[in-house]
>>> print(open('input-v3.pdb').read())   # PDB, C-alpha atoms
ATOM      1  CA  MET C   1     115.867  56.451 153.989
ATOM      2  CA  THR C   2     118.182  53.459 154.331
ATOM      3  CA  THR C   3     121.288  54.228 156.386
ATOM      4  CA  PRO C   4     124.727  52.778 155.524
ATOM      5  CA  THR C   5     124.435  50.525 158.574
ATOM      6  CA  LYS C   6     121.046  49.166 157.495
ATOM      7  CA  ARG C   7     122.340  48.640 153.976
ATOM      8  CA  GLN C   8     125.155  46.484 155.336
ATOM      9  CA  TRP C   9     122.739  44.567 157.555
ATOM     10  CA  THR C  10     120.509  43.930 154.546
ATOM     11  CA  LYS C  11     123.434  42.695 152.436
ATOM     12  CA  ASP C  12     124.706  40.393 155.173
ATOM     13  CA  SER C  13     121.231  39.013 155.820
ATOM     14  CA  TRP C  14     120.560  38.415 152.118
ATOM     15  CA  LYS C  15     123.866  36.567 151.726
ATOM     16  CA  TYR C  16     122.996  34.291 154.642
ATOM     17  CA  PHE C  17     119.342  33.576 153.862
ATOM     18  CA  SER C  18     119.842  33.139 150.124
ATOM     19  CA  SER C  19     122.664  30.664 150.771
ATOM     20  CA  LEU C  20     120.430  28.696 153.156
ATOM     21  CA  ALA C  21     117.613  28.680 150.586
ATOM     22  CA  GLN C  22     119.948  27.023 148.097
ATOM     23  CA  SER C  23     121.383  24.431 150.456
ATOM     24  CA  PRO C  24     120.387  20.984 151.790
ATOM     25  CA  GLN C  25     119.197  22.827 154.935
ATOM     26  CA  ALA C  26     116.549  24.835 153.059
ATOM     27  CA  GLU C  27     113.575  22.673 154.103
ATOM     28  CA  GLU C  28     114.574  22.329 157.746
ATOM     29  CA  THR C  29     115.323  26.035 158.128
ATOM     30  CA  GLY C  30     112.188  27.173 156.323
ATOM     31  CA  GLN C  31     113.902  29.030 153.469
ATOM     32  CA  THR C  32     112.371  29.102 149.990
ATOM     33  CA  LEU C  33     113.182  31.024 146.813
ATOM     34  CA  VAL C  34     109.889  32.517 145.640
ATOM     35  CA  SER C  35     109.060  34.842 142.750
ATOM     36  CA  GLY C  36     106.461  37.573 142.996
ATOM     37  CA  VAL C  37     105.564  41.212 142.569
ATOM     38  CA  VAL C  38     105.481  44.439 144.544
ATOM     39  CA  VAL C  39     103.090  47.187 143.424
ATOM     40  CA  ASN C  40     102.945  50.866 144.362
ATOM     41  CA  ASN C  41     101.229  54.103 143.459
ATOM     42  CA  ILE C  42     104.457  56.076 143.566
ATOM     43  CA  SER C  43     107.725  55.224 141.846
ATOM     44  CA  ARG C  44     110.127  53.261 144.037
ATOM     45  CA  ASP C  45     113.028  53.017 141.600
ATOM     46  CA  GLU C  46     115.492  54.755 143.923
ATOM     47  CA  HIS C  47     114.092  53.101 147.051
ATOM     48  CA  TYR C  48     114.535  49.636 145.520
ATOM     49  CA  ALA C  49     118.073  50.213 144.234
ATOM     50  CA  LEU C  50     119.634  48.053 146.951
ATOM     51  CA  LEU C  51     116.969  45.382 146.561
ATOM     52  CA  ALA C  52     117.556  45.261 142.806
ATOM     53  CA  SER C  53     121.278  44.688 143.375
ATOM     54  CA  LEU C  54     120.666  41.670 145.628
ATOM     55  CA  VAL C  55     117.594  39.683 144.584
ATOM     56  CA  TYR C  56     117.238  37.623 141.423
ATOM     57  CA  ASP C  57     115.541  38.670 138.167
ATOM     58  CA  PHE C  58     114.563  42.160 139.342
ATOM     59  CA  HIS C  59     112.695  44.145 136.697
ATOM     60  CA  LYS C  60     109.938  46.714 136.344
ATOM     61  CA  ILE C  61     106.496  45.512 135.324
ATOM     62  CA  PRO C  62     104.958  47.265 132.277
ATOM     63  CA  GLU C  63     101.951  49.415 133.106
ATOM     64  CA  ASP C  64      99.780  47.590 130.564
ATOM     65  CA  TYR C  65     100.382  44.318 132.463
ATOM     66  CA  LEU C  66      99.061  45.924 135.670
ATOM     67  CA  LYS C  67      95.983  47.069 133.760
ATOM     68  CA  ARG C  68      95.371  43.611 132.310
ATOM     69  CA  LYS C  69      95.551  42.156 135.812
ATOM     70  CA  LYS C  70      93.104  44.889 136.955
ATOM     71  CA  TRP C  71      95.510  45.920 139.661
ATOM     72  CA  ASN C  72      94.862  49.591 140.353
ATOM     73  CA  TYR C  73      98.501  50.566 140.871
ATOM     74  CA  LYS C  74     100.809  52.692 138.745
ATOM     75  CA  TYR C  75     104.129  50.931 139.314
ATOM     76  CA  GLY C  76     105.145  47.322 139.692
ATOM     77  CA  TYR C  77     108.346  45.364 140.250
ATOM     78  CA  SER C  78     108.965  41.655 139.837
ATOM     79  CA  PHE C  79     111.781  39.596 141.361
ATOM     80  CA  THR C  80     112.726  36.358 143.117
ATOM     81  CA  SER C  81     113.518  36.578 146.816
ATOM     82  CA  VAL C  82     113.750  34.396 149.914
ATOM     83  CA  ILE C  83     110.690  33.651 152.024
ATOM     84  CA  THR C  84     111.523  32.647 155.604
ATOM     85  CA  GLN C  85     109.069  30.566 157.617
ATOM     86  CA  THR C  86     109.857  31.516 161.204
ATOM     87  CA  PRO C  87     108.015  28.514 162.755
ATOM     88  CA  LYS C  88     110.737  26.396 161.140
ATOM     89  CA  PHE C  89     113.660  28.808 161.271
ATOM     90  CA  LEU C  90     113.535  29.816 164.949
ATOM     91  CA  PRO C  91     113.532  26.256 166.366
ATOM     92  CA  TRP C  92     116.434  25.427 164.044
ATOM     93  CA  LEU C  93     118.365  28.485 165.277
ATOM     94  CA  THR C  94     117.668  27.495 168.877
ATOM     95  CA  LYS C  95     118.960  23.989 168.191
ATOM     96  CA  LYS C  96     122.157  25.341 166.603
ATOM     97  CA  PHE C  97     122.677  27.695 169.550
ATOM     98  CA  CYS C  98     122.390  24.870 172.064
ATOM     99  CA  GLU C  99     124.613  22.570 169.997
ATOM    100  CA  ALA C 100     127.285  25.294 170.067
ATOM    101  CA  GLY C 101     127.248  25.261 173.891
ATOM    102  CA  GLY C 102     124.575  27.876 174.568
ATOM    103  CA  SER C 103     121.907  27.396 177.226
ATOM    104  CA  LEU C 104     118.424  28.819 177.656
ATOM    105  CA  VAL C 105     117.161  30.240 180.956
ATOM    106  CA  ASN C 106     113.505  31.245 181.267
ATOM    107  CA  LYS C 107     113.468  34.077 183.773
ATOM    108  CA  LYS C 108     111.690  37.380 184.273
ATOM    109  CA  LEU C 109     113.944  40.415 184.699
ATOM    110  CA  ASN C 110     112.827  43.678 186.232
ATOM    111  CA  SER C 111     116.123  45.375 185.421
ATOM    112  CA  LEU C 112     119.281  44.543 183.497
ATOM    113  CA  THR C 113     121.271  45.470 186.604
ATOM    114  CA  GLU C 114     120.130  42.135 188.098
ATOM    115  CA  LEU C 115     122.628  40.496 185.720
ATOM    116  CA  ALA C 116     125.616  42.445 187.040
ATOM    117  CA  GLY C 117     128.304  40.212 188.504
ATOM    118  CA  GLN C 118     126.953  37.199 186.609
ATOM    119  CA  TYR C 119     128.005  38.080 183.051
ATOM    120  CA  ASP C 120     130.824  39.995 181.393
ATOM    121  CA  VAL C 121     128.497  41.555 178.820
ATOM    122  CA  VAL C 122     124.783  41.423 177.980
ATOM    123  CA  ALA C 123     123.327  41.535 174.468
ATOM    124  CA  ASN C 124     119.897  43.099 174.875
ATOM    125  CA  CYS C 125     117.424  42.152 172.121
ATOM    126  CA  CYS C 126     114.243  42.590 174.141
ATOM    127  CA  GLY C 127     112.132  44.214 171.422
ATOM    128  CA  LEU C 128     108.943  45.795 172.729
ATOM    129  CA  GLY C 129     109.919  44.602 176.212
ATOM    130  CA  ALA C 130     112.267  47.609 176.307
ATOM    131  CA  ARG C 131     109.319  49.700 177.498
ATOM    132  CA  GLU C 132     109.070  47.726 180.739
ATOM    133  CA  LEU C 133     112.649  46.517 181.171
ATOM    134  CA  LEU C 134     114.436  49.748 180.267
ATOM    135  CA  GLY C 135     111.725  52.360 180.575
ATOM    136  CA  ASP C 136     112.239  53.096 176.865
ATOM    137  CA  ASN C 137     108.878  54.567 175.860
ATOM    138  CA  SER C 138     110.262  55.437 172.434
ATOM    139  CA  ALA C 139     109.683  51.751 171.646
ATOM    140  CA  PHE C 140     106.144  51.225 170.399
ATOM    141  CA  PRO C 141     104.069  48.443 168.825
ATOM    142  CA  ILE C 142     102.825  48.301 165.253
ATOM    143  CA  ARG C 143     100.041  45.763 165.416
ATOM    144  CA  GLY C 144      99.622  43.239 162.623
ATOM    145  CA  GLN C 145      96.930  40.691 161.855
ATOM    146  CA  LEU C 146      97.265  37.855 159.331
ATOM    147  CA  VAL C 147      94.947  35.205 157.948
ATOM    148  CA  MET C 148      96.187  31.778 156.862
ATOM    149  CA  VAL C 149      94.348  29.898 154.119
ATOM    150  CA  LYS C 150      94.985  26.565 152.421
ATOM    151  CA  ALA C 151      95.758  27.469 148.805
ATOM    152  CA  PRO C 152      98.530  25.265 147.347
ATOM    153  CA  TRP C 153      97.763  26.607 143.856
ATOM    154  CA  ILE C 154      99.193  30.042 144.694
ATOM    155  CA  LYS C 155     102.964  29.963 144.252
ATOM    156  CA  GLN C 156     103.957  33.651 144.005
ATOM    157  CA  PHE C 157     104.099  36.419 146.575
ATOM    158  CA  PHE C 158     102.306  39.755 146.233
ATOM    159  CA  LEU C 159     102.867  42.964 148.192
ATOM    160  CA  SER C 160     101.288  46.396 147.772
ATOM    161  CA  ASP C 161     102.097  49.759 149.319
ATOM    162  CA  ASP C 162      98.682  49.789 151.000
ATOM    163  CA  ASP C 163      99.488  46.628 152.955
ATOM    164  CA  ILE C 164      97.829  43.916 150.924
ATOM    165  CA  TYR C 165     100.105  40.896 150.793
ATOM    166  CA  LEU C 166      99.998  37.199 150.037
ATOM    167  CA  ILE C 167     102.997  35.088 151.045
ATOM    168  CA  PRO C 168     103.210  31.371 150.101
ATOM    169  CA  HIS C 169     104.200  28.992 152.904
ATOM    170  CA  ASP C 170     104.258  25.417 151.563
ATOM    171  CA  ASP C 171     100.615  24.517 150.754
ATOM    172  CA  LYS C 172      99.134  27.579 152.455
ATOM    173  CA  ILE C 173      99.360  31.332 152.039
ATOM    174  CA  ILE C 174      99.650  34.079 154.619
ATOM    175  CA  ILE C 175      97.344  37.006 153.812
ATOM    176  CA  GLY C 176      97.695  40.444 155.334
ATOM    177  CA  GLY C 177      97.491  42.852 156.650
ATOM    178  CA  VAL C 178      97.410  45.920 158.874
ATOM    179  CA  ARG C 179      99.928  48.254 160.488
ATOM    180  CA  GLU C 180      98.328  49.832 163.534
ATOM    181  CA  LYS C 181     100.731  52.067 165.428
ATOM    182  CA  ASN C 182     100.471  52.018 169.237
ATOM    183  CA  ASN C 183      97.778  49.325 169.229
ATOM    184  CA  PHE C 184      98.695  46.801 171.946
ATOM    185  CA  SER C 185      95.781  44.414 171.356
ATOM    186  CA  LEU C 186      96.640  40.767 170.674
ATOM    187  CA  THR C 187      93.036  39.816 169.968
ATOM    188  CA  ALA C 188      92.124  38.865 166.414
ATOM    189  CA  GLU C 189      89.316  41.109 165.200
ATOM    190  CA  LYS C 190      86.584  39.698 162.978
ATOM    191  CA  ASP C 191      86.108  42.938 161.011
ATOM    192  CA  THR C 192      89.838  43.120 160.305
ATOM    193  CA  ARG C 193      89.930  39.480 159.182
ATOM    194  CA  GLU C 194      87.026  40.031 156.801
ATOM    195  CA  ARG C 195      88.617  43.184 155.402
ATOM    196  CA  ILE C 196      91.949  41.410 154.849
ATOM    197  CA  LEU C 197      90.249  38.584 152.962
ATOM    198  CA  SER C 198      87.977  40.814 150.882
ATOM    199  CA  ARG C 199      90.868  43.003 149.745
ATOM    200  CA  ALA C 200      92.906  39.949 148.757
ATOM    201  CA  GLU C 201      89.964  38.353 146.948
ATOM    202  CA  ALA C 202      89.366  41.539 144.955
ATOM    203  CA  LEU C 203      92.888  41.252 143.512
ATOM    204  CA  PHE C 204      93.054  37.461 143.407
ATOM    205  CA  PRO C 205      89.586  35.935 142.845
ATOM    206  CA  GLU C 206      91.144  32.468 143.021
ATOM    207  CA  VAL C 207      91.553  32.972 146.782
ATOM    208  CA  LYS C 208      87.799  33.194 147.327
ATOM    209  CA  GLY C 209      86.477  30.059 148.982
ATOM    210  CA  ALA C 210      89.902  28.845 150.152
ATOM    211  CA  GLN C 211      89.731  27.207 153.558
ATOM    212  CA  VAL C 212      90.760  29.500 156.414
ATOM    213  CA  ILE C 213      93.021  27.426 158.642
ATOM    214  CA  GLY C 214      94.273  30.027 161.080
ATOM    215  CA  GLU C 215      94.979  33.628 161.965
ATOM    216  CA  TRP C 216      97.648  35.419 163.896
ATOM    217  CA  VAL C 217      98.071  38.746 165.683
ATOM    218  CA  GLY C 218     101.460  40.170 166.617
ATOM    219  CA  LEU C 219     103.143  43.382 167.646
ATOM    220  CA  ARG C 220     106.062  44.608 165.573
ATOM    221  CA  PRO C 221     108.620  46.134 168.009
ATOM    222  CA  ALA C 222     109.286  49.570 166.512
ATOM    223  CA  ARG C 223     111.303  52.692 167.248
ATOM    224  CA  GLU C 224     111.964  55.747 165.130
ATOM    225  CA  ARG C 225     115.532  54.414 164.969
ATOM    226  CA  VAL C 226     116.798  50.934 165.793
ATOM    227  CA  ARG C 227     118.661  51.091 169.081
ATOM    228  CA  PHE C 228     122.063  49.692 168.226
ATOM    229  CA  GLU C 229     124.769  50.777 170.653
ATOM    230  CA  THR C 230     126.904  49.843 173.645
ATOM    231  CA  GLU C 231     125.983  51.216 177.054
ATOM    232  CA  VAL C 232     127.788  50.696 180.371
ATOM    233  CA  LEU C 233     125.379  50.488 183.295
ATOM    234  CA  ASP C 234     126.476  51.561 186.766
ATOM    235  CA  CYS C 235     125.182  48.805 189.024
ATOM    236  CA  GLY C 236     126.457  50.228 192.323
ATOM    237  CA  PRO C 237     128.298  47.727 194.545
ATOM    238  CA  LYS C 238     127.997  45.119 191.771
ATOM    239  CA  GLY C 239     130.183  47.231 189.510
ATOM    240  CA  LYS C 240     129.718  48.026 185.821
ATOM    241  CA  LEU C 241     127.736  46.036 183.285
ATOM    242  CA  PRO C 242     128.389  46.539 179.545
ATOM    243  CA  VAL C 243     125.210  46.139 177.490
ATOM    244  CA  VAL C 244     124.947  45.889 173.708
ATOM    245  CA  HIS C 245     121.471  47.062 172.674
ATOM    246  CA  ASN C 246     119.965  45.712 169.454
ATOM    247  CA  TYR C 247     116.200  46.204 169.208
ATOM    248  CA  GLY C 248     113.446  48.171 167.503
ATOM    249  CA  HIS C 249     113.584  46.652 163.995
ATOM    250  CA  SER C 250     109.801  46.882 163.474
ATOM    251  CA  GLY C 251     108.565  44.861 160.478
ATOM    252  CA  GLN C 252     112.110  44.384 159.161
ATOM    253  CA  GLY C 253     113.027  41.835 161.789
ATOM    254  CA  ILE C 254     113.908  38.993 159.429
ATOM    255  CA  THR C 255     115.276  41.270 156.698
ATOM    256  CA  LEU C 256     117.821  42.817 159.069
ATOM    257  CA  SER C 257     118.216  39.998 161.588
ATOM    258  CA  TRP C 258     121.376  38.235 160.490
ATOM    259  CA  GLY C 259     123.179  41.430 159.544
ATOM    260  CA  SER C 260     122.348  43.263 162.759
ATOM    261  CA  GLY C 261     123.229  40.096 164.660
ATOM    262  CA  ILE C 262     126.683  40.158 163.067
ATOM    263  CA  GLY C 263     127.023  43.817 164.033
ATOM    264  CA  ALA C 264     125.934  43.150 167.609
ATOM    265  CA  ALA C 265     128.371  40.237 167.876
ATOM    266  CA  GLN C 266     131.154  42.574 166.758
ATOM    267  CA  LEU C 267     130.204  45.060 169.487
ATOM    268  CA  VAL C 268     130.185  42.254 172.068
ATOM    269  CA  HIS C 269     133.605  41.117 170.858
ATOM    270  CA  SER C 270     134.939  44.667 171.201
ATOM    271  CA  VAL C 271     133.656  44.893 174.779
ATOM    272  CA  VAL C 272     135.219  41.554 175.754
ATOM    273  CA  THR C 273     138.507  42.368 174.020
ATOM    274  CA  SER C 274     138.707  45.780 175.711
ATOM    275  CA  SER C 275     137.927  44.265 179.104
ATOM    276  CA  ARG C 276     140.654  41.643 178.762
ATOM    277  CA  SER C 277     143.236  44.212 177.684
ATOM    278  CA  LYS C 278     142.683  46.081 180.968
ATOM    279  CA  MET C 279     143.246  42.999 183.124
TER     280      MET C 279
END
>>> encode(input="input-v3.pdb", output="structure tokens")
Amino acid sequence: MTTPTKRQWTKDSWKYFSSLAQSPQAEETGQTLVSGVVVNNISRDEHYALLASLVYDFHKIPEDYLKRKKWNYKYGYSFTSVITQTPKFLPWLTKKFCEAGGSLVNKKLNSLTELAGQYDVVANCCGLGARELLGDNSAFPIRGQLVMVKAPWIKQFFLSDDDIYLIPHDDKIIIGGVREKNNFSLTAEKDTRERILSRAEALFPEVKGAQVIGEWVGLRPARERVRFETEVLDCGPKGKLPVVHNYGHSGQGITLSWGSGIGAAQLVHSVVTSSRSKM
């Protein structure tokens, strides 16, 4: 179920990323408009209502088309969306942050209370690190493993409800995947890689024989609910420290990122404004 807050985050994020994808900054920021399909074995008409209102050319795929493609799924949806390449986007964001006067400090924290007396407010976006930093054991990993192959002839994305996906990135495609709850391993597993490739090749024979040029393992930082709230920590003699928490987005990190960032910035602004009014 998508909450009103998540719906707003999704809308704000789509507005931002789709505008970047259609701007002179598209290449540098890693944003591309790509068409593709999503297939399921249960109807997702209601679930995709918000998606249909945002993306381009959204329509249902006829069942006979799925049969002709030999895709063993009952429902399909086609549309044009934005693909974000994070290896390009994150360095660009970092550059913009620094150009705006921000600075980066590489430091290990054992507790947020260590920041008391140094900052007026802290925005905490520590992801899975919340387990160690905050003792929040409701945060858990959902392990993913991806395979990268050189296949410039594949231009469309594909996503199924049993976690088979192909995502074009320039002249290569990212093939996945798995969602392994509470698996902390960051080691790429050969059996998983072979299963990912064989499942993709069964649906897209043209992938078979493509050169494997890399693989990647990561942990999606999940919670049953995204932690999005303001907390005031009592730091003893150091006083109070307002903290805006914004973590636990799981596999929706990019989808919700800009919108939840706007929301978090609004919470930070409220804290600062309230603090100044009491001075």
>>> resolve_selection(input="input-v3.pdb", expression="the PyMOL selection byres ((chain C and resi 193) around 9)", output="ChimeraX atom specification")
/C:145-147,176-177,188-192,194-198,215
>>> resolve_selection(input="input-v3.pdb", expression="the PyMOL selection byres ((chain C and resi 126) around 9)", output="ChimeraX atom specification")
/C:124-125,127-130,133,245-248
>>> resolve_selection(input="input-v3.pdb", expression="the PyMOL selection byres ((chain C and resi 57-68) around 12)", output="ChimeraX atom specification")
/C:33-41,43-45,48-56,69-81,203
>>> residues_around(input="input-v3.pdb", residues="Gly218 (chain C)", least_positions_apart="4", cutoff="7 Å", atoms="all atoms listed in the file", output="list in words")
Arg143, Gly144, Gln145 and Leu186 of chain C
>>> write_last_selection(input="input-v3.pdb", atoms="C-alpha atoms", output="mmCIF file, in the frame of the given file")
data_model
loop_
_atom_site.group_PDB
_atom_site.id
_atom_site.type_symbol
_atom_site.label_atom_id
_atom_site.label_comp_id
_atom_site.auth_asym_id
_atom_site.auth_seq_id
_atom_site.Cartn_x
_atom_site.Cartn_y
_atom_site.Cartn_z
ATOM 1 C CA ARG C 143 100.041 45.763 165.416
ATOM 2 C CA GLY C 144 99.622 43.239 162.623
ATOM 3 C CA GLN C 145 96.930 40.691 161.855
ATOM 4 C CA LEU C 186 96.640 40.767 170.674
#
>>> closest_residue(input="input-v3.pdb", among="C:Thr230, C:Glu224, C:Ile175, C:Gly117", to="Val212 (chain C)", atoms="all atoms listed in the file")
C:Ile175
>>> atom_distance(input="input-v3.pdb", atom1="CA of Ile173 (chain C)", atom2="CA of Ile42 (chain C)")
26.6 Å
>>> atom_distance(input="input-v3.pdb", atom1="CA of Gly30 (chain C)", atom2="CA of Thr86 (chain C)")
6.9 Å
>>> build_atoms(input="input-v3.pdb", residues="region 111-125 of chain C", atoms="N, CA, C and O atoms", output="PDB file, in the frame of the given file")
ATOM      1  N   SER C 111     115.086  44.424 185.796  1.00  0.00           N
ATOM      2  CA  SER C 111     116.123  45.375 185.421  1.00  0.00           C
ATOM      3  C   SER C 111     117.353  44.609 184.946  1.00  0.00           C
ATOM      4  O   SER C 111     117.660  43.535 185.468  1.00  0.00           O
ATOM      5  N   LEU C 112     118.053  45.178 183.967  1.00  0.00           N
ATOM      6  CA  LEU C 112     119.281  44.543 183.497  1.00  0.00           C
ATOM      7  C   LEU C 112     120.356  44.529 184.580  1.00  0.00           C
ATOM      8  O   LEU C 112     121.270  43.692 184.542  1.00  0.00           O
ATOM      9  N   THR C 113     120.262  45.420 185.541  1.00  0.00           N
ATOM     10  CA  THR C 113     121.271  45.470 186.604  1.00  0.00           C
ATOM     11  C   THR C 113     121.271  44.184 187.439  1.00  0.00           C
ATOM     12  O   THR C 113     122.255  43.890 188.117  1.00  0.00           O
ATOM     13  N   GLU C 114     120.178  43.412 187.376  1.00  0.00           N
ATOM     14  CA  GLU C 114     120.130  42.135 188.098  1.00  0.00           C
ATOM     15  C   GLU C 114     121.174  41.158 187.568  1.00  0.00           C
ATOM     16  O   GLU C 114     121.534  40.190 188.246  1.00  0.00           O
ATOM     17  N   LEU C 115     121.660  41.399 186.345  1.00  0.00           N
ATOM     18  CA  LEU C 115     122.628  40.496 185.720  1.00  0.00           C
ATOM     19  C   LEU C 115     124.078  40.862 186.050  1.00  0.00           C
ATOM     20  O   LEU C 115     124.986  40.127 185.701  1.00  0.00           O
ATOM     21  N   ALA C 116     124.254  41.998 186.693  1.00  0.00           N
ATOM     22  CA  ALA C 116     125.616  42.445 187.040  1.00  0.00           C
ATOM     23  C   ALA C 116     126.275  41.433 187.963  1.00  0.00           C
ATOM     24  O   ALA C 116     125.658  40.893 188.875  1.00  0.00           O
ATOM     25  N   GLY C 117     127.556  41.169 187.705  1.00  0.00           N
ATOM     26  CA  GLY C 117     128.304  40.212 188.504  1.00  0.00           C
ATOM     27  C   GLY C 117     128.145  38.782 188.034  1.00  0.00           C
ATOM     28  O   GLY C 117     128.880  37.895 188.468  1.00  0.00           O
ATOM     29  N   GLN C 118     127.172  38.543 187.141  1.00  0.00           N
ATOM     30  CA  GLN C 118     126.953  37.199 186.609  1.00  0.00           C
ATOM     31  C   GLN C 118     127.530  37.029 185.209  1.00  0.00           C
ATOM     32  O   GLN C 118     127.908  35.931 184.821  1.00  0.00           O
ATOM     33  N   TYR C 119     127.578  38.151 184.443  1.00  0.00           N
ATOM     34  CA  TYR C 119     128.005  38.080 183.051  1.00  0.00           C
ATOM     35  C   TYR C 119     128.962  39.228 182.739  1.00  0.00           C
ATOM     36  O   TYR C 119     128.872  40.305 183.324  1.00  0.00           O
ATOM     37  N   ASP C 120     129.870  38.968 181.803  1.00  0.00           N
ATOM     38  CA  ASP C 120     130.824  39.995 181.393  1.00  0.00           C
ATOM     39  C   ASP C 120     130.173  41.050 180.513  1.00  0.00           C
ATOM     40  O   ASP C 120     130.565  42.220 180.527  1.00  0.00           O
ATOM     41  N   VAL C 121     129.187  40.639 179.724  1.00  0.00           N
ATOM     42  CA  VAL C 121     128.497  41.555 178.820  1.00  0.00           C
ATOM     43  C   VAL C 121     127.115  40.970 178.526  1.00  0.00           C
ATOM     44  O   VAL C 121     126.937  39.747 178.523  1.00  0.00           O
ATOM     45  N   VAL C 122     126.146  41.841 178.289  1.00  0.00           N
ATOM     46  CA  VAL C 122     124.783  41.423 177.980  1.00  0.00           C
ATOM     47  C   VAL C 122     124.405  41.966 176.607  1.00  0.00           C
ATOM     48  O   VAL C 122     124.607  43.153 176.320  1.00  0.00           O
ATOM     49  N   ALA C 123     123.892  41.100 175.747  1.00  0.00           N
ATOM     50  CA  ALA C 123     123.327  41.535 174.468  1.00  0.00           C
ATOM     51  C   ALA C 123     121.819  41.646 174.677  1.00  0.00           C
ATOM     52  O   ALA C 123     121.140  40.649 174.939  1.00  0.00           O
ATOM     53  N   ASN C 124     121.306  42.847 174.581  1.00  0.00           N
ATOM     54  CA  ASN C 124     119.897  43.099 174.875  1.00  0.00           C
ATOM     55  C   ASN C 124     119.089  43.208 173.586  1.00  0.00           C
ATOM     56  O   ASN C 124     119.199  44.179 172.852  1.00  0.00           O
ATOM     57  N   CYS C 125     118.273  42.187 173.317  1.00  0.00           N
ATOM     58  CA  CYS C 125     117.424  42.152 172.121  1.00  0.00           C
ATOM     59  C   CYS C 125     115.976  41.964 172.554  1.00  0.00           C
ATOM     60  O   CYS C 125     115.288  41.057 172.095  1.00  0.00           O
TER      61      CYS C 125
END
